[in-house]
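Q: File follows, model36.txt with compact mmCIF, C-alpha atoms:
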```
# COMPACT_ATOMS: atom_id res chain seq x y z
CA GLN A 1116 103.79 124.51 144.72
CA SER A 1117 105.40 123.42 141.48
CA THR A 1118 108.55 125.08 140.22
CA LEU A 1119 106.54 126.67 137.38
CA SER A 1120 103.98 128.10 139.80
CA GLN A 1121 106.74 129.51 141.96
CA GLN A 1122 108.41 131.12 138.94
CA ILE A 1123 105.14 132.71 137.81
CA LYS A 1124 104.46 133.98 141.33
CA LYS A 1125 107.94 135.48 141.47
CA LEU A 1126 107.40 137.17 138.11
CA GLU A 1127 104.11 138.63 139.32
CA GLU A 1128 105.84 140.03 142.41
CA GLU A 1129 108.65 141.55 140.34
CA LEU A 1130 106.21 143.16 137.90
CA ASN A 1131 103.71 144.03 140.63
CA VAL A 1132 100.84 142.62 138.54
CA THR A 1133 98.56 139.59 138.53
CA LEU A 1134 99.07 137.37 135.49
CA LEU A 1135 96.83 134.44 136.43
CA ILE A 1136 93.43 134.09 138.06
CA ARG A 1137 93.44 130.97 140.19
CA ASP A 1138 90.73 129.04 141.96
CA SER A 1139 90.44 125.46 143.13
CA HIS A 1140 89.35 124.23 139.68
CA HIS A 1141 90.65 126.61 137.02
CA VAL A 1142 93.57 128.82 136.06
CA GLN A 1143 93.19 131.52 133.42
CA LEU A 1144 95.09 134.55 132.18
CA THR A 1145 94.23 138.06 133.32
CA ASP A 1146 93.98 140.88 130.77
CA ILE A 1147 97.61 141.76 131.50
CA GLY A 1148 98.59 138.10 131.13
CA GLU A 1149 96.86 137.95 127.74
CA ALA A 1150 98.61 141.16 126.65
CA ILE A 1151 102.16 140.01 127.45
CA LEU A 1152 101.73 136.37 126.35
CA PRO A 1153 103.03 137.04 122.78
CA ALA A 1154 106.15 138.68 124.24
CA ILE A 1155 106.67 135.71 126.55
CA ASN A 1156 106.37 133.30 123.60
CA ARG A 1157 108.92 135.35 121.62
CA THR A 1158 111.29 135.26 124.58
CA LEU A 1159 110.94 131.47 124.83
CA ARG A 1160 111.60 131.08 121.10
CA ASP A 1161 114.70 133.29 121.38
CA ALA A 1162 115.90 131.22 124.34
CA ASN A 1163 115.44 128.00 122.35
CA ALA A 1164 117.31 129.56 119.42
CA CYS A 1165 120.21 130.34 121.76
CA LYS A 1166 120.29 126.71 122.84
CA GLU A 1167 120.42 125.61 119.20
CA ILE A 1168 123.29 128.00 118.47
CA ILE A 1169 125.22 126.62 121.44
CA ASN A 1170 124.55 123.07 120.23
CA ASP A 1171 125.88 124.04 116.81
CA VAL A 1172 129.11 125.30 118.34
CA GLN A 1173 129.47 121.89 119.98
CA GLU A 1174 130.11 120.30 116.55
CA LEU A 1175 126.74 118.52 116.34
CA ASN A 1176 127.49 116.42 119.38
CA THR A 1177 123.98 116.96 120.71
CA GLY A 1178 120.64 118.40 119.65
CA THR A 1179 117.59 117.51 117.60
CA LEU A 1180 116.44 117.71 114.00
CA THR A 1181 112.77 117.42 113.09
CA ILE A 1182 111.96 117.00 109.40
CA GLY A 1183 108.57 116.94 107.71
CA ALA A 1184 108.17 115.36 104.27
CA THR A 1185 105.41 114.25 101.96
CA GLN A 1186 105.27 110.56 101.04
CA SER A 1187 106.55 111.28 97.55
CA PHE A 1188 109.90 112.21 99.09
CA THR A 1189 110.43 109.19 101.33
CA SER A 1190 112.48 107.31 98.74
CA LEU A 1191 114.56 110.44 98.06
CA LEU A 1192 115.31 110.95 101.75
CA LYS A 1193 115.94 107.37 102.86
CA GLU A 1194 119.66 107.08 102.12
CA THR A 1195 120.40 110.58 103.43
CA ILE A 1196 118.61 109.82 106.69
CA VAL A 1197 120.63 106.63 107.19
CA ASP A 1198 123.93 108.37 106.39
CA PHE A 1199 123.11 111.33 108.64
CA MET A 1200 122.33 109.04 111.58
CA LYS A 1201 125.63 107.19 111.10
CA LEU A 1202 127.60 110.41 110.94
CA TYR A 1203 125.80 112.19 113.79
CA PRO A 1204 124.48 109.49 116.14
CA SER A 1205 123.99 111.99 118.99
CA ILE A 1206 121.47 114.06 117.03
CA LYS A 1207 117.92 112.93 117.70
CA LEU A 1208 116.24 112.75 114.31
CA THR A 1209 112.44 112.83 113.99
CA ILE A 1210 110.63 112.40 110.66
CA HIS A 1211 106.97 113.33 110.10
CA CYS A 1212 105.27 112.12 106.89
CA GLN A 1213 102.22 114.27 106.22
CA ALA A 1214 100.36 115.99 103.40
CA MET A 1215 101.87 119.28 102.28
CA GLU A 1216 99.16 121.40 103.92
CA GLN A 1217 99.75 119.75 107.30
CA LEU A 1218 103.51 120.20 106.96
CA MET A 1219 103.12 123.92 106.30
CA GLN A 1220 100.94 124.23 109.40
CA MET A 1221 103.51 122.36 111.49
CA LEU A 1222 106.31 124.55 110.17
CA ASP A 1223 104.35 127.72 110.86
CA LYS A 1224 103.81 126.53 114.44
CA GLU A 1225 107.54 125.66 114.71
CA GLU A 1226 106.74 121.99 115.31
CA ILE A 1227 109.29 120.99 112.66
CA ASP A 1228 112.60 122.53 111.59
CA ILE A 1229 112.12 122.06 107.87
CA ALA A 1230 109.54 120.72 105.44
CA ILE A 1231 110.34 118.95 102.17
CA SER A 1232 107.66 118.68 99.50
CA TYR A 1233 106.73 119.98 96.10
CA ARG A 1234 106.29 123.74 96.04
CA PRO A 1235 102.61 124.66 96.56
CA LYS A 1236 101.00 126.47 93.63
CA ASN A 1237 99.87 129.20 96.00
CA PRO A 1238 101.81 130.04 99.20
CA LEU A 1239 99.84 128.98 102.29
CA PHE A 1240 101.66 131.11 104.88
CA ASP A 1241 103.42 134.46 104.60
CA THR A 1242 105.80 133.28 107.33
CA ILE A 1243 107.28 130.49 105.16
CA GLU A 1244 109.74 130.68 102.29
CA SER A 1245 110.38 127.91 99.77
CA ARG A 1246 113.61 127.12 97.93
CA THR A 1247 113.92 124.79 94.97
CA LEU A 1248 115.73 121.46 95.27
CA PHE A 1249 115.01 120.21 91.76
CA SER A 1250 112.56 120.50 88.89
CA SER A 1251 110.32 117.61 87.90
CA GLN A 1252 107.05 117.12 86.06
CA LEU A 1253 103.82 115.21 86.43
CA CYS A 1254 103.91 112.06 84.32
CA VAL A 1255 101.77 109.07 83.53
CA VAL A 1256 103.26 106.06 85.33
CA VAL A 1257 102.76 102.46 84.22
CA SER A 1258 104.50 99.11 84.59
CA GLU A 1259 107.39 98.58 82.19
CA THR A 1260 105.33 95.89 80.40
CA HIS A 1261 102.29 98.14 79.88
CA PRO A 1262 101.53 99.10 76.24
CA LEU A 1263 101.97 102.78 77.16
CA ALA A 1264 105.51 102.14 78.44
CA PHE A 1265 106.88 102.48 74.92
CA ARG A 1266 105.31 105.88 74.26
CA ASP A 1267 107.33 109.10 74.16
CA PHE A 1268 104.44 111.17 75.50
CA ILE A 1269 100.73 110.94 76.15
CA ARG A 1270 97.80 113.35 75.89
CA LEU A 1271 95.33 113.68 78.74
CA SER A 1272 92.40 112.69 76.51
CA GLU A 1273 94.01 109.28 75.94
CA LEU A 1274 93.66 108.44 79.64
CA GLU A 1275 89.94 107.82 79.05
CA GLN A 1276 90.91 104.49 77.50
CA TYR A 1277 92.58 103.08 80.63
CA SER A 1278 91.76 102.09 84.20
CA LEU A 1279 93.30 104.58 86.60
CA ALA A 1280 94.71 104.14 90.08
CA LEU A 1281 95.19 107.66 91.39
CA PRO A 1282 96.79 109.20 94.45
CA THR A 1283 94.10 110.47 96.79
CA LYS A 1284 92.87 114.06 96.72
CA GLY A 1285 95.11 116.37 98.71
CA THR A 1286 98.38 114.81 97.57
CA GLN A 1287 100.43 117.18 95.44
CA ALA A 1288 100.48 114.94 92.38
CA ARG A 1289 96.68 114.66 92.56
CA ASN A 1290 96.34 118.42 93.11
CA THR A 1291 98.41 119.05 89.99
CA PHE A 1292 96.44 116.49 87.98
CA ASP A 1293 93.11 117.93 89.08
CA SER A 1294 94.34 121.43 88.25
CA ILE A 1295 95.29 120.62 84.65
CA THR A 1296 92.12 118.59 83.99
CA LYS A 1297 89.52 120.76 85.77
CA ASN A 1298 88.38 122.54 82.57
CA MET A 1299 88.39 119.36 80.48
CA GLU A 1300 85.34 117.15 80.14
CA LEU A 1301 87.19 113.89 80.58
CA ARG A 1302 85.43 110.62 81.32
CA LEU A 1303 88.06 108.95 83.45
CA ASN A 1304 87.72 105.42 84.79
CA VAL A 1305 89.17 105.71 88.29
CA GLY A 1306 89.18 102.23 89.76
CA VAL A 1307 91.04 102.95 93.01
CA GLU A 1308 92.54 105.84 94.96
CA VAL A 1309 95.52 105.25 97.26
CA SER A 1310 97.03 107.63 99.81
CA ALA A 1311 100.24 105.62 100.38
CA ILE A 1312 102.54 106.25 97.41
CA PRO A 1313 104.65 103.05 97.84
CA MET A 1314 101.44 100.97 97.83
CA LEU A 1315 100.21 102.82 94.74
CA LEU A 1316 103.46 102.13 92.89
CA ASP A 1317 103.40 98.45 93.87
CA LEU A 1318 99.81 98.23 92.61
CA VAL A 1319 100.66 99.82 89.26
CA ARG A 1320 103.80 97.69 88.85
CA GLY A 1321 101.81 94.45 89.19
CA THR A 1322 98.72 95.38 87.15
CA ARG A 1323 97.54 97.24 84.06
CA PHE A 1324 96.50 100.26 86.13
CA VAL A 1325 97.72 103.70 85.06
CA THR A 1326 98.56 106.45 87.55
CA VAL A 1327 99.97 109.98 87.57
CA LEU A 1328 102.93 111.03 89.74
CA SER A 1329 105.99 113.23 89.50
CA ARG A 1330 108.89 111.70 87.61
CA ALA A 1331 111.13 112.12 90.68
CA THR A 1332 108.85 109.87 92.75
CA LEU A 1333 110.09 106.86 90.74
CA LEU A 1334 113.66 107.27 91.99
CA GLN A 1335 114.83 103.89 93.36
CA TYR A 1336 111.65 102.16 92.13
CA HIS A 1337 112.17 99.52 89.44
CA GLY A 1338 109.77 97.99 86.94
CA LEU A 1339 107.95 101.25 86.24
CA LYS A 1340 107.99 103.77 83.40
CA ALA A 1341 107.16 107.49 83.49
CA ILE A 1342 105.68 108.94 80.29
CA PRO A 1343 105.57 112.75 79.91
CA ILE A 1344 102.12 114.33 79.62
CA LYS A 1345 101.77 116.67 76.64
CA HIS A 1346 99.91 119.45 78.41
CA PRO A 1347 100.90 122.77 80.03
CA GLY A 1348 101.00 123.05 83.80
CA CYS A 1349 102.68 119.71 84.57
CA GLU A 1350 105.78 121.28 86.13
CA MET A 1351 106.47 120.38 89.78
CA GLU A 1352 109.28 121.85 91.88
CA GLY A 1353 110.75 119.75 94.68
CA SER A 1354 111.49 122.23 97.46
CA TYR A 1355 112.47 122.67 101.05
CA HIS A 1356 110.55 125.11 103.21
CA ILE A 1357 111.70 127.10 106.24
CA ARG A 1358 110.31 129.88 108.40
CA LYS A 1359 111.30 133.35 107.20
CA GLY A 1360 113.98 134.86 109.36
CA ALA A 1361 114.32 131.74 111.52
CA TYR A 1362 117.73 130.51 112.57
CA LEU A 1363 118.67 127.58 110.34
CA LYS A 1364 120.43 125.26 112.75
CA ARG A 1365 123.63 123.56 111.70
CA ALA A 1366 122.03 120.10 111.77
CA THR A 1367 119.45 121.31 109.22
CA ARG A 1368 122.11 122.80 106.97
CA GLN A 1369 124.19 119.64 107.17
CA PHE A 1370 121.22 117.42 106.34
CA LEU A 1371 120.36 119.55 103.31
CA GLN A 1372 123.99 119.47 102.15
CA MET A 1373 124.06 115.69 102.42
CA LEU A 1374 120.72 115.44 100.62
CA SER A 1375 122.10 117.60 97.82
CA GLU A 1376 125.25 115.51 97.44
CA LYS A 1377 123.37 112.22 97.60
CA ASN A 1378 120.83 113.13 94.92
CA SER A 1379 122.79 115.68 92.88
CA PHE A 1380 120.20 118.35 93.62
CA ASN A 1381 120.97 121.96 92.78
CA LEU A 1382 120.22 123.28 96.26
CA SER A 1383 119.77 126.99 96.90
CA LEU A 1384 122.01 126.87 99.97
CA GLU A 1385 124.77 129.35 99.29
CA HIS A 1386 123.20 131.91 101.61
CA PHE A 1387 122.90 129.41 104.46
CA LEU A 1388 126.11 127.40 104.13
CA ASN A 1389 128.50 130.34 104.33
```
Just dump the structure as C-alpha cells.

A:
Amino acid sequence: QSTLSQQIKKLEEELNVTLLIRDSHHVQLTDIGEAILPAINRTLRDANACKEIINDVQELNTGTLTIGATQSFTSLLKETIVDFMKLYPSIKLTIHCQAMEQLMQMLDKEEIDIAISYRPKNPLFDTIESRTLFSSQLCVVVSETHPLAFRDFIRLSELEQYSLALPTKGTQARNTFDSITKNMELRLNVGVEVSAIPMLLDLVRGTRFVTVLSRATLLQYHGLKAIPIKHPGCEMEGSYHIRKGAYLKRATRQFLQMLSEKNSFNLSLEHFLN
C-alpha cells in the first residue's frame, strides 16, 4: 500500500468511519467522505500557510512565489523580476501570463499567489480584493511618424478614417474599447487583431496601423506615441489582486515593494508591509 493509502486507512480507523469505497478499478468518496472533504481542504490550506510563515521567518532563504499577469504588464514587471531573482536566488519564481479572467480563476483556486492586471469593471469573484497600483487611461497608439502622433487628443469618430490593428477580444484594453464604443454606430476598419501585445506594438511601430491600449503599456517601448481619447470611460486602473483574508507571504510583499520602487507606483501596501 502507498503511504497515502495507509494514512487514509489510519484516519478511517481513528474516526471509526469509511471515507472511501474501493474496488479493483475505482475509488470514490462515501457520503461521510464527501461531507468532510471541505474541512480536509481547509486543513491542508492552513498547513501550507504555516509552511509559508516558517519560510518567511527564514529570511526568504527558501520558498516559492507564483505571479499571474496580463501581457500588458510584462514590460512593467521585467526589471523587477530580474532584480528579485538576483536578490533572492533561493526563491522559486513562476510567472503565468494569461487573460484577466483566467488569472482571477487561478487566484480563486489558489494556483497563484497574486495577480497583476487592470482592475476589472465588475468584480468576478467575491473572494478576491483588488488594490490600485497606478491610474492610466485607454489611448490611441500610433508610430511616432504617424500623422496622428502630433495630436493632443482624438475623438472616437475620427478612428473611422484609419486602418486599425486591435488587441483581440477578451484583453482588457479591448474590453474597455468595446465598452465605450458599444452604443456608437462606428464604421471601423479593423485590418488585424493580435493577442500578443509586444507583436501588436511592433506592428503599429512599423506601419500606419492605429491601435488602442493603455498609456502604461508603452513603458519601455520606443518609437510609439499615445494620444488621449476624448471620451468618458477611458480610465484604467493597474492593480494587484489577492484572496481576501489570505496570508500575504513575505516574498509577495517584497516583490510588490520592489515593483513599487522600480516604477514609482503608489502602492496600497501600508496594511501589508507593517

Q: Counting all atoms listed in the file, which of A:Leu1316, A:Arg1270, A:Arg1289, A:Asp1241 gets nearest to Ala1214 of chain A?

A: A:Arg1289

Q: Could you work out how far atom CA of Met1200 of chain A lies from atom CA of Met1314 of chain A, giving the answer in Å with one decimal?

A: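 These two atoms are separated by 26.3 Å.
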
Q: By how many Å are atom CA of Leu1144 of chain A and atom CA of Thr1118 of chain A apart?

A: 18.3 Å

Q: Which residues, written as a ChimeraX atom specification, have at least one atom at most 10 Å from Arg1323 of chain A, with only C-alpha atoms counted and residues fewer than 5 positions away on the same chain left out?

A: /A:1257-1258,1260-1263,1277-1280,1318

Q: Limited to C-alpha atoms, could you put the picked residues into a file as an mmCIF file, in the frame of the given file?

A:
```cif
data_model
loop_
_atom_site.group_PDB
_atom_site.id
_atom_site.type_symbol
_atom_site.label_atom_id
_atom_site.label_comp_id
_atom_site.auth_asym_id
_atom_site.auth_seq_id
_atom_site.Cartn_x
_atom_site.Cartn_y
_atom_site.Cartn_z
ATOM 1 C CA VAL A 1257 102.760 102.460 84.220
ATOM 2 C CA SER A 1258 104.500 99.110 84.590
ATOM 3 C CA THR A 1260 105.330 95.890 80.400
ATOM 4 C CA HIS A 1261 102.290 98.140 79.880
ATOM 5 C CA PRO A 1262 101.530 99.100 76.240
ATOM 6 C CA LEU A 1263 101.970 102.780 77.160
ATOM 7 C CA TYR A 1277 92.580 103.080 80.630
ATOM 8 C CA SER A 1278 91.760 102.090 84.200
ATOM 9 C CA LEU A 1279 93.300 104.580 86.600
ATOM 10 C CA ALA A 1280 94.710 104.140 90.080
ATOM 11 C CA LEU A 1318 99.810 98.230 92.610
#
```

Q: With 8 Å as the cut-off and all atoms listed in the file counted, what is the closest atom pair between each nearby residue of segment 1204-1270 of chain A and segment 1346-1356 of chain A? Distances in Å to one decimal, ordered by chain and number, as JSON lines.

A:
```
{"residue": "A:Ile1229", "atom": "CA", "partner": "A:His1356", "partner_atom": "CA", "distance": 5.8}
{"residue": "A:Ala1230", "atom": "CA", "partner": "A:His1356", "partner_atom": "CA", "distance": 5.0}
{"residue": "A:Ile1231", "atom": "CA", "partner": "A:Tyr1355", "partner_atom": "CA", "distance": 4.4}
{"residue": "A:Ser1232", "atom": "CA", "partner": "A:Ser1354", "partner_atom": "CA", "distance": 5.6}
{"residue": "A:Tyr1233", "atom": "CA", "partner": "A:Gly1353", "partner_atom": "CA", "distance": 4.3}
{"residue": "A:Arg1234", "atom": "CA", "partner": "A:Glu1352", "partner_atom": "CA", "distance": 5.5}
{"residue": "A:Ile1243", "atom": "CA", "partner": "A:His1356", "partner_atom": "CA", "distance": 6.6}
{"residue": "A:Glu1244", "atom": "CA", "partner": "A:His1356", "partner_atom": "CA", "distance": 5.7}
{"residue": "A:Ser1245", "atom": "CA", "partner": "A:His1356", "partner_atom": "CA", "distance": 4.4}
{"residue": "A:Arg1246", "atom": "CA", "partner": "A:Ser1354", "partner_atom": "CA", "distance": 5.4}
{"residue": "A:Thr1247", "atom": "CA", "partner": "A:Ser1354", "partner_atom": "CA", "distance": 4.3}
{"residue": "A:Leu1248", "atom": "CA", "partner": "A:Ser1354", "partner_atom": "CA", "distance": 4.8}
{"residue": "A:Phe1249", "atom": "CA", "partner": "A:Gly1353", "partner_atom": "CA", "distance": 5.2}
{"residue": "A:Ser1250", "atom": "CA", "partner": "A:Glu1352", "partner_atom": "CA", "distance": 4.6}
{"residue": "A:Ser1251", "atom": "CA", "partner": "A:Met1351", "partner_atom": "CA", "distance": 5.1}
{"residue": "A:Gln1252", "atom": "CA", "partner": "A:Glu1350", "partner_atom": "CA", "distance": 4.4}
{"residue": "A:Leu1253", "atom": "CA", "partner": "A:Cys1349", "partner_atom": "CA", "distance": 5.0}
{"residue": "A:Cys1254", "atom": "CA", "partner": "A:Cys1349", "partner_atom": "CA", "distance": 7.8}
{"residue": "A:Arg1270", "atom": "CA", "partner": "A:His1346", "partner_atom": "CA", "distance": 6.9}
```
